[in-house]
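**Q** Structure file run36.cif (mmCIF, C-alpha atoms, pLDDT in the B column; chains and numbers go by the auth columns) right here:
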```
data_final
#
loop_
_atom_site.group_PDB
_atom_site.id
_atom_site.type_symbol
_atom_site.label_atom_id
_atom_site.label_comp_id
_atom_site.label_asym_id
_atom_site.label_seq_id
_atom_site.Cartn_x
_atom_site.Cartn_y
_atom_site.Cartn_z
_atom_site.B_iso_or_equiv
_atom_site.auth_seq_id
_atom_site.auth_asym_id
ATOM 1 C CA MET A 1 1.115 4.879 -35.054 37.00 1 A
ATOM 2 C CA GLU A 2 2.209 1.661 -36.776 46.00 2 A
ATOM 3 C CA LYS A 3 1.163 -1.541 -35.043 50.00 3 A
ATOM 4 C CA GLU A 4 4.042 -3.544 -33.588 57.00 4 A
ATOM 5 C CA LYS A 5 4.899 -6.639 -35.600 75.00 5 A
ATOM 6 C CA ASP A 6 3.305 -9.759 -34.155 86.00 6 A
ATOM 7 C CA SER A 7 5.975 -12.262 -35.130 93.00 7 A
ATOM 8 C CA LEU A 8 6.186 -16.026 -34.853 96.00 8 A
ATOM 9 C CA ILE A 9 9.495 -17.105 -33.296 95.00 9 A
ATOM 10 C CA LEU A 10 10.761 -20.608 -34.045 95.00 10 A
ATOM 11 C CA GLY A 11 14.149 -21.652 -32.756 93.00 11 A
ATOM 12 C CA GLY A 12 15.339 -18.057 -32.708 93.00 12 A
ATOM 13 C CA HIS A 13 14.083 -17.342 -36.237 95.00 13 A
ATOM 14 C CA ARG A 14 11.430 -14.669 -36.768 95.00 14 A
ATOM 15 C CA PHE A 15 8.526 -15.029 -39.200 96.00 15 A
ATOM 16 C CA ASN A 16 5.787 -12.525 -39.997 95.00 16 A
ATOM 17 C CA SER A 17 3.324 -15.067 -41.417 96.00 17 A
ATOM 18 C CA ARG A 18 1.590 -17.542 -39.135 97.00 18 A
ATOM 19 C CA LEU A 19 0.429 -19.710 -42.012 98.00 19 A
ATOM 20 C CA ILE A 20 2.707 -22.587 -43.014 97.00 20 A
ATOM 21 C CA VAL A 21 1.925 -24.392 -46.253 96.00 21 A
ATOM 22 C CA GLY A 22 2.770 -27.770 -47.702 93.00 22 A
ATOM 23 C CA SER A 23 4.122 -28.600 -51.142 91.00 23 A
ATOM 24 C CA GLY A 24 2.370 -31.890 -51.919 88.00 24 A
ATOM 25 C CA LYS A 25 -0.768 -32.854 -53.857 90.00 25 A
ATOM 26 C CA TYR A 26 -0.631 -29.992 -56.368 90.00 26 A
ATOM 27 C CA ARG A 27 -1.073 -30.679 -60.073 90.00 27 A
ATOM 28 C CA ASP A 28 2.399 -29.394 -60.827 90.00 28 A
ATOM 29 C CA PHE A 29 5.214 -27.308 -59.379 90.00 29 A
ATOM 30 C CA LYS A 30 3.897 -24.129 -61.005 92.00 30 A
ATOM 31 C CA GLU A 31 0.628 -24.426 -59.120 94.00 31 A
ATOM 32 C CA THR A 32 2.624 -25.027 -55.940 94.00 32 A
ATOM 33 C CA ARG A 33 4.485 -21.784 -56.574 94.00 33 A
ATOM 34 C CA ASP A 34 1.381 -19.740 -57.382 95.00 34 A
ATOM 35 C CA ALA A 35 -0.506 -20.958 -54.308 96.00 35 A
ATOM 36 C CA THR A 36 2.493 -20.394 -52.056 96.00 36 A
ATOM 37 C CA ILE A 37 2.809 -16.809 -53.245 96.00 37 A
ATOM 38 C CA ALA A 38 -0.925 -16.230 -52.693 97.00 38 A
ATOM 39 C CA SER A 39 -0.658 -17.561 -49.137 97.00 39 A
ATOM 40 C CA SER A 40 2.150 -15.138 -48.183 96.00 40 A
ATOM 41 C CA ALA A 41 3.630 -18.043 -46.205 97.00 41 A
ATOM 42 C CA GLU A 42 7.297 -17.848 -45.311 97.00 42 A
ATOM 43 C CA ILE A 43 7.709 -21.540 -44.440 97.00 43 A
ATOM 44 C CA ILE A 44 6.931 -24.471 -46.734 96.00 44 A
ATOM 45 C CA THR A 45 7.051 -28.142 -45.821 94.00 45 A
ATOM 46 C CA VAL A 46 8.733 -30.603 -48.140 91.00 46 A
ATOM 47 C CA ALA A 47 8.406 -34.380 -47.881 87.00 47 A
ATOM 48 C CA VAL A 48 12.000 -35.479 -48.371 80.00 48 A
ATOM 49 C CA ARG A 49 10.995 -39.008 -49.406 68.00 49 A
ATOM 50 C CA ARG A 50 8.443 -37.811 -51.962 64.00 50 A
ATOM 51 C CA VAL A 51 9.555 -34.468 -53.422 62.00 51 A
ATOM 52 C CA ASN A 52 12.968 -34.135 -55.021 62.00 52 A
ATOM 53 C CA ILE A 53 15.205 -31.611 -53.280 61.00 53 A
ATOM 54 C CA THR A 54 18.372 -33.716 -53.185 60.00 54 A
ATOM 55 C CA ASP A 55 19.097 -34.731 -56.814 65.00 55 A
ATOM 56 C CA PRO A 56 20.276 -31.760 -58.944 68.00 56 A
ATOM 57 C CA ASN A 57 19.936 -33.854 -62.105 70.00 57 A
ATOM 58 C CA LYS A 58 16.145 -34.142 -61.795 73.00 58 A
ATOM 59 C CA GLU A 59 13.348 -31.547 -61.824 75.00 59 A
ATOM 60 C CA SER A 60 13.148 -30.095 -58.356 78.00 60 A
ATOM 61 C CA LEU A 61 10.597 -28.118 -56.392 81.00 61 A
ATOM 62 C CA LEU A 62 13.416 -25.696 -55.623 83.00 62 A
ATOM 63 C CA ASP A 63 13.564 -24.778 -59.325 83.00 63 A
ATOM 64 C CA TYR A 64 10.133 -23.188 -58.861 89.00 64 A
ATOM 65 C CA ILE A 65 10.259 -21.716 -55.353 90.00 65 A
ATOM 66 C CA GLY A 66 13.977 -21.129 -54.840 86.00 66 A
ATOM 67 C CA ASP A 67 13.675 -17.404 -55.521 89.00 67 A
ATOM 68 C CA LEU A 68 10.834 -16.782 -53.043 92.00 68 A
ATOM 69 C CA GLY A 69 13.017 -16.525 -49.944 91.00 69 A
ATOM 70 C CA LEU A 70 11.142 -19.305 -48.172 94.00 70 A
ATOM 71 C CA THR A 71 12.375 -21.305 -45.207 94.00 71 A
ATOM 72 C CA LEU A 72 12.232 -25.014 -45.986 93.00 72 A
ATOM 73 C CA LEU A 73 10.704 -27.303 -43.396 95.00 73 A
ATOM 74 C CA PRO A 74 11.714 -30.811 -44.506 93.00 74 A
ATOM 75 C CA ASN A 75 9.406 -33.441 -43.080 93.00 75 A
ATOM 76 C CA THR A 76 9.869 -37.147 -42.562 94.00 76 A
ATOM 77 C CA ALA A 77 6.488 -38.103 -44.023 90.00 77 A
ATOM 78 C CA GLY A 78 6.383 -41.751 -45.021 90.00 78 A
ATOM 79 C CA CYS A 79 8.622 -42.868 -42.156 94.00 79 A
ATOM 80 C CA TYR A 80 7.338 -45.675 -39.961 95.00 80 A
ATOM 81 C CA SER A 81 10.423 -46.250 -37.805 96.00 81 A
ATOM 82 C CA LEU A 82 12.810 -44.216 -35.706 97.00 82 A
ATOM 83 C CA GLU A 83 15.724 -45.199 -37.934 96.00 83 A
ATOM 84 C CA ASP A 84 14.003 -44.003 -41.123 95.00 84 A
ATOM 85 C CA CYS A 85 13.078 -40.709 -39.477 96.00 85 A
ATOM 86 C CA LEU A 86 16.638 -40.043 -38.320 96.00 86 A
ATOM 87 C CA ARG A 87 18.125 -41.017 -41.700 95.00 87 A
ATOM 88 C CA THR A 88 15.685 -38.835 -43.637 94.00 88 A
ATOM 89 C CA SER A 89 16.301 -35.825 -41.383 95.00 89 A
ATOM 90 C CA ARG A 90 20.058 -36.095 -41.773 94.00 90 A
ATOM 91 C CA LEU A 91 19.761 -36.531 -45.536 91.00 91 A
ATOM 92 C CA ALA A 92 17.751 -33.321 -45.822 90.00 92 A
ATOM 93 C CA ARG A 93 20.311 -31.340 -43.862 91.00 93 A
ATOM 94 C CA GLU A 94 23.189 -32.755 -45.890 89.00 94 A
ATOM 95 C CA ALA A 95 21.322 -31.665 -49.040 84.00 95 A
ATOM 96 C CA GLY A 96 21.319 -28.089 -47.777 85.00 96 A
ATOM 97 C CA ALA A 97 17.743 -27.860 -46.489 86.00 97 A
ATOM 98 C CA GLY A 98 18.846 -26.341 -43.170 88.00 98 A
ATOM 99 C CA ASP A 99 18.313 -27.361 -39.566 93.00 99 A
ATOM 100 C CA PHE A 100 14.522 -27.263 -39.361 96.00 100 A
ATOM 101 C CA VAL A 101 12.742 -30.613 -39.509 96.00 101 A
ATOM 102 C CA LYS A 102 9.134 -31.637 -39.068 97.00 102 A
ATOM 103 C CA VAL A 103 9.462 -34.911 -37.181 97.00 103 A
ATOM 104 C CA GLU A 104 6.810 -37.318 -38.444 96.00 104 A
ATOM 105 C CA ILE A 105 6.721 -41.040 -37.632 96.00 105 A
ATOM 106 C CA ILE A 106 3.498 -42.769 -38.617 95.00 106 A
ATOM 107 C CA GLY A 107 2.179 -45.382 -36.215 94.00 107 A
ATOM 108 C CA ASP A 108 -0.972 -46.492 -38.023 90.00 108 A
ATOM 109 C CA GLN A 109 -1.333 -46.835 -41.784 89.00 109 A
ATOM 110 C CA LYS A 110 -5.109 -46.466 -41.853 90.00 110 A
ATOM 111 C CA THR A 111 -5.520 -43.304 -39.769 90.00 111 A
ATOM 112 C CA LEU A 112 -1.973 -41.986 -40.351 92.00 112 A
ATOM 113 C CA TYR A 113 -1.842 -41.154 -36.668 94.00 113 A
ATOM 114 C CA PRO A 114 1.701 -40.553 -35.434 95.00 114 A
ATOM 115 C CA ASP A 115 3.602 -42.860 -33.109 96.00 115 A
ATOM 116 C CA ASN A 116 3.966 -40.482 -30.186 96.00 116 A
ATOM 117 C CA GLU A 117 6.506 -42.583 -28.293 96.00 117 A
ATOM 118 C CA LEU A 118 8.932 -42.864 -31.220 97.00 118 A
ATOM 119 C CA THR A 119 8.381 -39.203 -32.064 97.00 119 A
ATOM 120 C CA VAL A 120 9.533 -38.104 -28.608 97.00 120 A
ATOM 121 C CA GLN A 121 12.636 -40.288 -28.967 97.00 121 A
ATOM 122 C CA ALA A 122 13.411 -38.802 -32.388 97.00 122 A
ATOM 123 C CA VAL A 123 13.021 -35.252 -31.098 98.00 123 A
ATOM 124 C CA GLU A 124 15.503 -35.872 -28.298 98.00 124 A
ATOM 125 C CA ILE A 125 18.106 -37.431 -30.624 97.00 125 A
ATOM 126 C CA LEU A 126 17.759 -34.843 -33.393 97.00 126 A
ATOM 127 C CA SER A 127 17.672 -31.894 -30.993 97.00 127 A
ATOM 128 C CA ASN A 128 20.975 -33.071 -29.551 97.00 128 A
ATOM 129 C CA GLU A 129 22.361 -33.041 -33.104 97.00 129 A
ATOM 130 C CA GLY A 130 21.390 -29.406 -33.561 96.00 130 A
ATOM 131 C CA PHE A 131 18.132 -29.870 -35.451 97.00 131 A
ATOM 132 C CA LEU A 132 15.228 -27.495 -34.814 97.00 132 A
ATOM 133 C CA CYS A 133 12.461 -30.049 -34.318 97.00 133 A
ATOM 134 C CA LEU A 134 8.759 -29.508 -34.898 98.00 134 A
ATOM 135 C CA PRO A 135 7.066 -32.825 -34.037 97.00 135 A
ATOM 136 C CA TYR A 136 3.762 -33.951 -35.544 97.00 136 A
ATOM 137 C CA ILE A 137 1.766 -35.501 -32.673 97.00 137 A
ATOM 138 C CA THR A 138 -1.760 -36.371 -31.655 96.00 138 A
ATOM 139 C CA ASP A 139 -3.648 -33.786 -29.627 96.00 139 A
ATOM 140 C CA ASP A 140 -2.337 -35.263 -26.386 96.00 140 A
ATOM 141 C CA PRO A 141 -1.113 -32.730 -23.806 97.00 141 A
ATOM 142 C CA ILE A 142 1.223 -35.289 -22.187 97.00 142 A
ATOM 143 C CA THR A 143 3.006 -36.035 -25.456 97.00 143 A
ATOM 144 C CA ALA A 144 3.220 -32.325 -26.234 97.00 144 A
ATOM 145 C CA LYS A 145 4.944 -31.681 -22.917 97.00 145 A
ATOM 146 C CA LYS A 146 7.342 -34.614 -23.435 97.00 146 A
ATOM 147 C CA CYS A 147 8.306 -33.262 -26.861 97.00 147 A
ATOM 148 C CA GLU A 148 8.940 -29.836 -25.381 97.00 148 A
ATOM 149 C CA THR A 149 11.114 -31.357 -22.652 97.00 149 A
ATOM 150 C CA ALA A 150 12.991 -33.351 -25.316 97.00 150 A
ATOM 151 C CA GLY A 151 13.968 -30.113 -27.053 97.00 151 A
ATOM 152 C CA ALA A 152 11.248 -29.348 -29.616 98.00 152 A
ATOM 153 C CA VAL A 153 11.125 -25.699 -30.739 97.00 153 A
ATOM 154 C CA ALA A 154 7.374 -26.071 -31.347 97.00 154 A
ATOM 155 C CA VAL A 155 4.709 -28.756 -31.068 98.00 155 A
ATOM 156 C CA MET A 156 2.370 -29.638 -33.931 97.00 156 A
ATOM 157 C CA PRO A 157 -0.780 -31.419 -32.743 97.00 157 A
ATOM 158 C CA LEU A 158 -3.325 -32.715 -35.231 96.00 158 A
ATOM 159 C CA ILE A 159 -6.953 -31.662 -34.861 94.00 159 A
ATOM 160 C CA ALA A 160 -8.272 -34.536 -37.031 93.00 160 A
ATOM 161 C CA PRO A 161 -6.691 -37.260 -39.190 91.00 161 A
ATOM 162 C CA ILE A 162 -4.259 -35.876 -41.750 90.00 162 A
ATOM 163 C CA GLY A 163 -5.925 -35.034 -45.057 89.00 163 A
ATOM 164 C CA SER A 164 -9.415 -35.596 -43.622 91.00 164 A
ATOM 165 C CA GLY A 165 -10.527 -31.964 -43.663 90.00 165 A
ATOM 166 C CA LEU A 166 -12.737 -32.656 -40.630 91.00 166 A
ATOM 167 C CA GLY A 167 -11.661 -29.563 -38.741 91.00 167 A
ATOM 168 C CA LEU A 168 -11.234 -29.194 -34.998 93.00 168 A
ATOM 169 C CA GLN A 169 -12.587 -32.277 -33.211 93.00 169 A
ATOM 170 C CA ASN A 170 -11.494 -31.618 -29.624 93.00 170 A
ATOM 171 C CA LYS A 171 -11.076 -27.976 -28.710 93.00 171 A
ATOM 172 C CA TYR A 172 -10.430 -28.898 -25.073 95.00 172 A
ATOM 173 C CA ASN A 173 -7.306 -30.931 -25.832 95.00 173 A
ATOM 174 C CA LEU A 174 -5.986 -28.215 -28.107 96.00 174 A
ATOM 175 C CA GLY A 175 -6.740 -25.691 -25.377 96.00 175 A
ATOM 176 C CA PHE A 176 -4.869 -27.753 -22.781 96.00 176 A
ATOM 177 C CA ILE A 177 -1.807 -27.929 -25.049 97.00 177 A
ATOM 178 C CA ILE A 178 -1.904 -24.185 -25.723 97.00 178 A
ATOM 179 C CA GLU A 179 -2.296 -23.389 -22.032 96.00 179 A
ATOM 180 C CA GLN A 180 0.696 -25.453 -20.888 95.00 180 A
ATOM 181 C CA SER A 181 3.156 -24.953 -23.739 96.00 181 A
ATOM 182 C CA GLN A 182 6.231 -22.766 -23.446 96.00 182 A
ATOM 183 C CA VAL A 183 6.935 -23.202 -27.173 97.00 183 A
ATOM 184 C CA PRO A 184 4.694 -22.286 -30.118 97.00 184 A
ATOM 185 C CA VAL A 185 1.725 -24.545 -30.850 98.00 185 A
ATOM 186 C CA ILE A 186 1.201 -25.089 -34.573 98.00 186 A
ATOM 187 C CA VAL A 187 -1.979 -26.862 -35.618 97.00 187 A
ATOM 188 C CA ASP A 188 -1.070 -29.578 -38.110 93.00 188 A
ATOM 189 C CA ALA A 189 -3.448 -31.946 -39.921 92.00 189 A
ATOM 190 C CA GLY A 190 -7.218 -31.828 -40.150 93.00 190 A
ATOM 191 C CA ILE A 191 -7.796 -28.303 -41.463 96.00 191 A
ATOM 192 C CA GLY A 192 -10.535 -28.345 -44.104 95.00 192 A
ATOM 193 C CA SER A 193 -11.386 -24.696 -44.671 96.00 193 A
ATOM 194 C CA PRO A 194 -10.364 -21.185 -43.674 97.00 194 A
ATOM 195 C CA ALA A 195 -13.053 -21.296 -40.964 97.00 195 A
ATOM 196 C CA ASP A 196 -11.167 -24.164 -39.299 97.00 196 A
ATOM 197 C CA ALA A 197 -7.930 -22.203 -39.411 97.00 197 A
ATOM 198 C CA ALA A 198 -9.535 -19.075 -37.961 97.00 198 A
ATOM 199 C CA LEU A 199 -11.111 -21.059 -35.110 96.00 199 A
ATOM 200 C CA CYS A 200 -7.801 -22.642 -34.101 97.00 200 A
ATOM 201 C CA MET A 201 -6.084 -19.270 -34.156 97.00 201 A
ATOM 202 C CA GLU A 202 -8.901 -17.716 -32.100 96.00 202 A
ATOM 203 C CA LEU A 203 -8.324 -20.393 -29.464 96.00 203 A
ATOM 204 C CA GLY A 204 -4.703 -19.292 -29.185 96.00 204 A
ATOM 205 C CA ALA A 205 -2.742 -21.505 -31.567 97.00 205 A
ATOM 206 C CA ASP A 206 0.429 -19.746 -32.690 97.00 206 A
ATOM 207 C CA ALA A 207 0.235 -20.905 -36.309 98.00 207 A
ATOM 208 C CA VAL A 208 -1.507 -23.256 -38.704 97.00 208 A
ATOM 209 C CA LEU A 209 0.016 -25.668 -41.205 97.00 209 A
ATOM 210 C CA THR A 210 -2.144 -26.892 -44.029 96.00 210 A
ATOM 211 C CA ASN A 211 -1.605 -28.611 -47.356 95.00 211 A
ATOM 212 C CA SER A 212 -4.589 -30.713 -48.456 95.00 212 A
ATOM 213 C CA ALA A 213 -7.152 -27.969 -47.806 96.00 213 A
ATOM 214 C CA ILE A 214 -5.337 -25.717 -50.253 97.00 214 A
ATOM 215 C CA ALA A 215 -3.967 -28.154 -52.833 95.00 215 A
ATOM 216 C CA GLY A 216 -7.234 -30.106 -52.977 95.00 216 A
ATOM 217 C CA ALA A 217 -9.474 -27.075 -53.452 96.00 217 A
ATOM 218 C CA LYS A 218 -11.105 -26.347 -56.809 96.00 218 A
ATOM 219 C CA ASP A 219 -9.052 -23.167 -56.968 97.00 219 A
ATOM 220 C CA PRO A 220 -5.907 -23.740 -54.865 97.00 220 A
ATOM 221 C CA VAL A 221 -4.504 -20.247 -55.442 97.00 221 A
ATOM 222 C CA ARG A 222 -7.676 -18.558 -54.267 97.00 222 A
ATOM 223 C CA MET A 223 -7.953 -20.923 -51.309 97.00 223 A
ATOM 224 C CA ALA A 224 -4.366 -20.144 -50.321 97.00 224 A
ATOM 225 C CA HIS A 225 -5.249 -16.455 -50.173 98.00 225 A
ATOM 226 C CA ALA A 226 -8.380 -17.249 -48.147 98.00 226 A
ATOM 227 C CA MET A 227 -6.282 -19.227 -45.656 97.00 227 A
ATOM 228 C CA LYS A 228 -3.932 -16.288 -45.273 97.00 228 A
ATOM 229 C CA ILE A 229 -6.821 -13.961 -44.418 97.00 229 A
ATOM 230 C CA ALA A 230 -8.385 -16.490 -42.024 97.00 230 A
ATOM 231 C CA VAL A 231 -5.190 -17.031 -40.059 97.00 231 A
ATOM 232 C CA GLU A 232 -4.649 -13.288 -39.759 97.00 232 A
ATOM 233 C CA ALA A 233 -8.268 -12.723 -38.671 97.00 233 A
ATOM 234 C CA GLY A 234 -8.136 -15.533 -36.119 97.00 234 A
ATOM 235 C CA ARG A 235 -4.933 -14.168 -34.633 97.00 235 A
ATOM 236 C CA GLU A 236 -6.341 -10.645 -34.426 96.00 236 A
ATOM 237 C CA SER A 237 -9.490 -11.974 -32.750 96.00 237 A
ATOM 238 C CA PHE A 238 -7.416 -13.878 -30.178 96.00 238 A
ATOM 239 C CA LEU A 239 -5.361 -10.787 -29.373 95.00 239 A
ATOM 240 C CA ALA A 240 -8.468 -8.586 -29.219 95.00 240 A
ATOM 241 C CA GLY A 241 -10.271 -10.904 -26.786 93.00 241 A
ATOM 242 C CA ARG A 242 -13.796 -12.034 -27.554 87.00 242 A
ATOM 243 C CA ILE A 243 -16.803 -11.231 -25.365 87.00 243 A
ATOM 244 C CA PRO A 244 -17.863 -13.908 -22.861 88.00 244 A
ATOM 245 C CA LYS A 245 -20.706 -16.225 -23.818 85.00 245 A
ATOM 246 C CA LYS A 246 -23.960 -15.702 -21.906 85.00 246 A
ATOM 247 C CA SER A 247 -27.130 -17.716 -21.507 83.00 247 A
ATOM 248 C CA TYR A 248 -29.443 -14.758 -22.094 82.00 248 A
ATOM 249 C CA GLY A 249 -29.601 -11.764 -24.351 83.00 249 A
ATOM 250 C CA GLU A 250 -28.211 -8.375 -23.408 78.00 250 A
ATOM 251 C CA ALA A 251 -29.175 -5.158 -25.141 74.00 251 A
ATOM 252 C CA SER A 252 -26.454 -3.462 -27.137 75.00 252 A
ATOM 253 C CA SER A 253 -27.693 -0.123 -25.816 67.00 253 A
ATOM 254 C CA PRO A 254 -27.972 0.312 -22.017 64.00 254 A
ATOM 255 C CA MET A 255 -31.429 0.784 -20.478 60.00 255 A
ATOM 256 C CA GLN A 256 -30.257 3.430 -18.039 64.00 256 A
ATOM 257 C CA GLY A 257 -30.915 7.059 -18.922 61.00 257 A
ATOM 258 C CA LEU A 258 -33.724 6.389 -21.415 64.00 258 A
ATOM 259 C CA ILE A 259 -35.895 9.409 -22.258 62.00 259 A
ATOM 260 C CA ASP A 260 -39.493 8.881 -21.043 59.00 260 A
#
```
Can the structure from this file be put into structure tokens for me?

**A**
Amino acid sequence: MEKEKDSLILGGHRFNSRLIVGSGKYRDFKETRDATIASSAEIITVAVRRVNITDPNKESLLDYIGDLGLTLLPNTAGCYSLEDCLRTSRLAREAGAGDFVKVEIIGDQKTLYPDNELTVQAVEILSNEGFLCLPYITDDPITAKKCETAGAVAVMPLIAPIGSGLGLQNKYNLGFIIEQSQVPVIVDAGIGSPADAALCMELGADAVLTNSAIAGAKDPVRMAHAMKIAVEAGRESFLAGRIPKKSYGEASSPMQGLID
């Protein structure tokens, strides 16, 4: 009997892959394409202010991935104000990138931590304009709930500073967000290896977004495939339910009924 599809639902749209990839930091657009194919991702993020998707007269990422059937997730990376975030989001939609937007407003240039307060405001405004908002936030359960109330179709907490590769730093905060959320929780920022991705998925995250861990690897295409496997394994482990942790050992074979 075929296993029922375990789909990710975002704003009414169904996706079979729970790995979302980025499009930055690759050596060229061809490598971006090859890694994206290897990842089996169905959603790719695009920094509107850094990657050309709006000027048809210049080389565009879409020239290389346009035939892959991907859903674009424009992000507002590089925005430090509410006004810039709103303008960038609207520009992406006018350019034909669709209604999805990863809302990203940086509050600190050194750590690249998001400005949670402005992010919540942006989500409310853009949601009212029909955007499907996925906000990049710190791993703060209060902010996650405010974003959900403001209309976000998912929340995207970091697990470590963006691009750091440090992996999950506070599993309790991530757990709190997962426990309370009525929308998908997508881990964003901090993933360093497939092991990090698998761990977050085992804890119950609905998806993982990663860019640097793939694009910065020695072999990005192979790493993209490894991330795919890790996300799938972590999800399967979460659904299967791990055994409880115990302080003492317990024999795999029961002691009862042993032959004397």

**Q** Nearest residue to A:Ala189 out of A:Ile162, A:Ile137, A:Ala213, A:Ala224, using only C-alpha atoms?

**A**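 So, comparing all the options, the nearest one is A:Ile162.
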
**Q** Taking every listed atom of stretch 71-81 of chain A and adding 6 Å to each side, what centre and edge lengths in Å (one decimal) does the axis-aligned box have, as JSON?

**A**
```
{"center_x": 9.4, "center_y": -33.8, "center_z": -41.9, "size_x": 18.0, "size_y": 36.9, "size_z": 20.2}
```

**Q** If you apply the PyMOL selection byres ((chain A and resi 20) around 9) to this file, what residues do you get, as a PyMOL selection string?

**A** chain A and resi 17-19+21-22+39+41-45+186+207-211

**Q** Kindly indicate which residue among A:Glu104, A:Glu179, A:Asp139, A:Asp196 lies nearest to A:Leu166, using all atoms listed in the file for the distances.

**A**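 Answer, going by the shortest atom-to-atom distance: A:Asp196.
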
**Q** Figure out the distance between atom CA of A:Lys171 and atom CA of A:Ala195, please, to one decimal in Å.

**A**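 Between atom CA of A:Ala195 and atom CA of A:Lys171 the gap is 14.1 Å.
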
**Q** Using all atoms listed in the file for the distances, tell me which of A:Ser89, A:Ser81, A:Thr36, A:Asn16 is nearest to A:Leu68.

**A** A:Thr36

**Q** Can you translate the PyMOL selection byres ((chain A and resi 82) around 8) into the concrete residues it hits in this file, as a list in words?

**A**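 Selected by the PyMOL selection byres ((chain A and resi 82) around 8) here: Cys79, Tyr80, Ser81, Glu83, Asp84, Cys85, Leu86, Ile105, Leu118, Thr119, Gln121 and Ala122 of chain A.
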
**Q** As a check of understanding, name the residues that the PyMOL selection byres ((chain A and resi 206) around 10) selects in the supplied structure, as a list of chain:residue names.

**A**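 With the PyMOL selection byres ((chain A and resi 206) around 10) on this model, the match is A:Ser7, A:Leu8, A:Ile9, A:Arg18, A:Leu19, A:Ala154, A:Ile178, A:Val183, A:Pro184, A:Val185, A:Ile186, A:Val187, A:Cys200, A:Met201, A:Glu202, A:Leu203, A:Gly204, A:Ala205, A:Ala207, A:Val208, A:Val231, A:Arg235.
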
**Q** Go ahead and write the residues just picked, C-alpha atoms, as a compact mmCIF listing (two decimals), keeping the file's coordinate frame.

**A**
```txt
# COMPACT_ATOMS: atom_id res chain seq x y z
CA SER A 7 5.98 -12.26 -35.13
CA LEU A 8 6.19 -16.03 -34.85
CA ILE A 9 9.49 -17.10 -33.30
CA ARG A 18 1.59 -17.54 -39.14
CA LEU A 19 0.43 -19.71 -42.01
CA ALA A 154 7.37 -26.07 -31.35
CA ILE A 178 -1.90 -24.18 -25.72
CA VAL A 183 6.94 -23.20 -27.17
CA PRO A 184 4.69 -22.29 -30.12
CA VAL A 185 1.72 -24.54 -30.85
CA ILE A 186 1.20 -25.09 -34.57
CA VAL A 187 -1.98 -26.86 -35.62
CA CYS A 200 -7.80 -22.64 -34.10
CA MET A 201 -6.08 -19.27 -34.16
CA GLU A 202 -8.90 -17.72 -32.10
CA LEU A 203 -8.32 -20.39 -29.46
CA GLY A 204 -4.70 -19.29 -29.18
CA ALA A 205 -2.74 -21.50 -31.57
CA ALA A 207 0.24 -20.90 -36.31
CA VAL A 208 -1.51 -23.26 -38.70
CA VAL A 231 -5.19 -17.03 -40.06
CA ARG A 235 -4.93 -14.17 -34.63
```

**Q** Go ahead and find all residues with at least one atom no further than 6 Å from (6.0, -34.4, -39.5) in the file's coordinates, using all atoms listed in the file; report them as a list of chain:residue names.

**A**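 Checked against the point, the hits come out as A:Asn75, A:Thr76, A:Ala77, A:Lys102, A:Val103, A:Glu104, A:Pro135, A:Tyr136.
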
**Q** Kindly indicate which residue among A:Ala97, A:Ile229, A:Leu61, A:Val221 lies nearest to A:Ala38, using only C-alpha atoms for the distances.

**A** A:Val221

**Q** Please indicate the distance in Å from atom CA of A:Pro74 to atom CA of A:Leu132, rounded to one decimal place.

**A** 10.8 Å

**Q** What is the atom CA of A:Gly241-atom CA of A:Leu199 distance in Å, reported with one decimal?

**A**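 About the pair atom CA of A:Gly241 and atom CA of A:Leu199: they are 13.2 Å apart.
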
**Q** Which of these, A:Ala47, A:Ala152, A:Leu112, A:Ala144, has the shortest distance to A:Gly190 once you count all atoms listed in the file?

**A**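 Among A:Ala47, A:Ala152, A:Leu112, A:Ala144, it is A:Leu112 that comes nearest to A:Gly190.
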